[in-house]
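> Next up is a structure, given as structure tokens.
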2 protein chains.
Amino acid sequence: MDGVIHSGRLCGMTTTSPSSRPLTRKGQETRQRIVDAAAELIFRQGVAQTTIEDVRAAADVSSSQLYHYFEDKTALVWAVVDHQAETMVGGQEMFDFSTLEGLRAWRNFVIAGQREHHCSGGCPIGSLGGQLAETDPDARAHVDEGFKRWEATIQSGLREMHTRGELTPDSDPDTLALALLAALQGGLLLTQIKRDTKPLEAALDAMIELVARLSGSSS
Amino acid sequence: MDGVIHSGRLCGMTTTSPSSRPLTRKGQETRQRIVDAAAELIFRQGVAQTTIEDVRAAADVSSSQLYHYFEDKTALVWAVVDHQAETMVGGQEMFDFSTLEGLRAWRNFVIAGQREHHCSGGCPIGSLGGQLAETDPDARAHVDEGFKRWEATIQSGLREMHTRGELTPDSDPDTLALALLAALQGGLLLTQIKRDTKPLEAALDAMIELVARLSGSSS
């Protein structure tokens, strides 16, 4: 079972109750209010410290309402992972990863986001991965799905650069995309620990510098 | 108080009991057995899932023995952070970060370590950082201390390269060291999530490629 996402769970969770009946519009709104509250609490204090009771109070719903949408805390946490992936990755798909200017605009956006949060919380998906990877294989698979989508966005841009002949022919845009995602994640983690955006700036600048050098233009 | 390490705590914890009396050799051994057991449990299952009772049983000590060395779980967790920093950073100080060959040997060592652990657990310090940063400011400061020592090791090597004129004069070895540490951390996190060393390889190779290009030798 390790790492397998059971059919329908990843996406199905967003529109059905545990009984798999489709939700009404009002039901979807209530469900989303619960996920939003849980995501906010977990971002601030971590998975282990967040109880179902905290979420119930923050979302202003009854226990029976909460359990109508989520079988247990585990199911709620998976929904939070999917929600954070949707928010994070969705918010970055507007950037153009196929040009150096686009990469630099994205870099500035990510760093500004960290400043806005006073460098706390880290990456909403990455930090969930670190908390859940060893104890909940299904949650790890949900986090992995989120990262795959993120990676694909960066990949697609760098592949375009490569196809246009703007990266040296022997460079591998897919490996480069994975390296960029790793640099981002490590930069976010160190930024969270140090409460300073310097590590994130250093990591992203180094990767963009490498892309610039592979494209023949030293930045 | 946020982020401040109280005088003596970071180092003092390794040789004294909560009453600050120096430990006998036998006392130091018992204390170390407790820290080792806690580190192993926390590495496998996380901070939140590890109870004082788990540690007591794994280290085969009585409650009163355990509380003789550690005031509470928080103090034990700090000792685990320091211990992991000592083990991780200490184990990497033998590498020569001042040559491309040394950097590549280190890269191979880190990746082999992940394979040995079947890509589970992530970075023993980084994962503690992610779990504790928002809930325990003192633990975050301990993690930060560990990272600073790690960064200094890499820095010292890259500064040497720079001084020898083997990095372009306008490159900044300190920023590069921070970027390399971030790439390592992000690579380890993604490796943990994906259960595959590819992200770690991609991240470290990209950074070493950049260092190679800044030293004028394209790898």
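Convention: chains lettered A, B, ... in structure tokens order; per-chain residue numbering from 1; ligands numbered from 1 as shown.
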Can you work out which residues from chain A touch chain B at a cut-off of 8 Å (counting only C-alpha atoms) and hand them back as a PyMOL selection string?

chain A and resi 44-46+48-49+120-122+126-127+129-131+133-135+140-141+143-144+175-176+178-187+189-190+192-194+199-200+202-204+206-207+209-210

> I'd like the contact shell of Ser215 in chain B - 8 Å cut-off, only C-alpha atoms, skipping same-chain residues fewer than 3 positions apart - returned as a PyMOL selection string.

chain B and resi 166-168+211-212

> Contacts of Ser98 in chain B at 6 Å or less, counting only C-alpha atoms, minus same-chain residues fewer than 2 places along, as a ChimeraX atom specification?

/B:96,157-158,160-161

> Show me, as a ChimeraX atom specification, the residues that have an atom within 12 Å of Arg33 in chain A when counting only C-alpha atoms, minus same-chain residues fewer than 5 positions from it.

/A:26-28,38-40,55-61,65-66,69,76,79-80,83

> Go ahead and compute the interatomic distance for CA of Trp150 in chain B and CA of Gln32 in chain B, in Å to one decimal.

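Atom-to-atom, CA of Trp150 in chain B to CA of Gln32 in chain B, that is 22.3 Å.
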
> Just want the 12 Å neighbourhood of Asp72 in chain B, counted on only C-alpha atoms, with same-chain residues fewer than 3 positions away dropped. Output as a list in words.

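The filter keeps Ser17, Pro18, Thr51, Ile52, Glu53, Val55, Ser63, Ser64, Leu66, Tyr67, His68, Tyr69, Ala75, Leu76, Val77, Trp78 and Ala79 of chain B.
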
> Of the candidates A:His118, A:Trp106, A:Thr153, A:Thr99, which one gets nearest to Ser217 in chain A if we count only C-alpha atoms?

A:Thr99

> At a cut-off of 10 Å, using only C-alpha atoms, what residues contact Phe95 in chain A? Leave out same-chain residues fewer than 2 positions from it and give the result as a list in words.

Gly91, Gln92, Glu93, Phe97, Ser98, Thr99, Glu101, Gly102, Leu103, Arg104, Ala105, Trp106, Arg107, Phe109, Thr153, Ile154 and Gly157 of chain A

> To test your reading of the structure, identify every residue in range 7-184 of chain B that backbone DSSP assigns to alpha helix (DSSP H), and report it as a PyMOL selection string.

chain B and resi 9-12+25-45+52-59+63-69+73-92+100-116+126-132+137-163+173-184

> Please compute the CA of Leu100 in chain A-CA of Gln84 in chain A distance, one decimal, in Å.

26.8 Å

> Which distance in Å separates CA of Arg159 in chain A and CA of Gly113 in chain A, to one decimal?

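It comes out at 26.5 Å.
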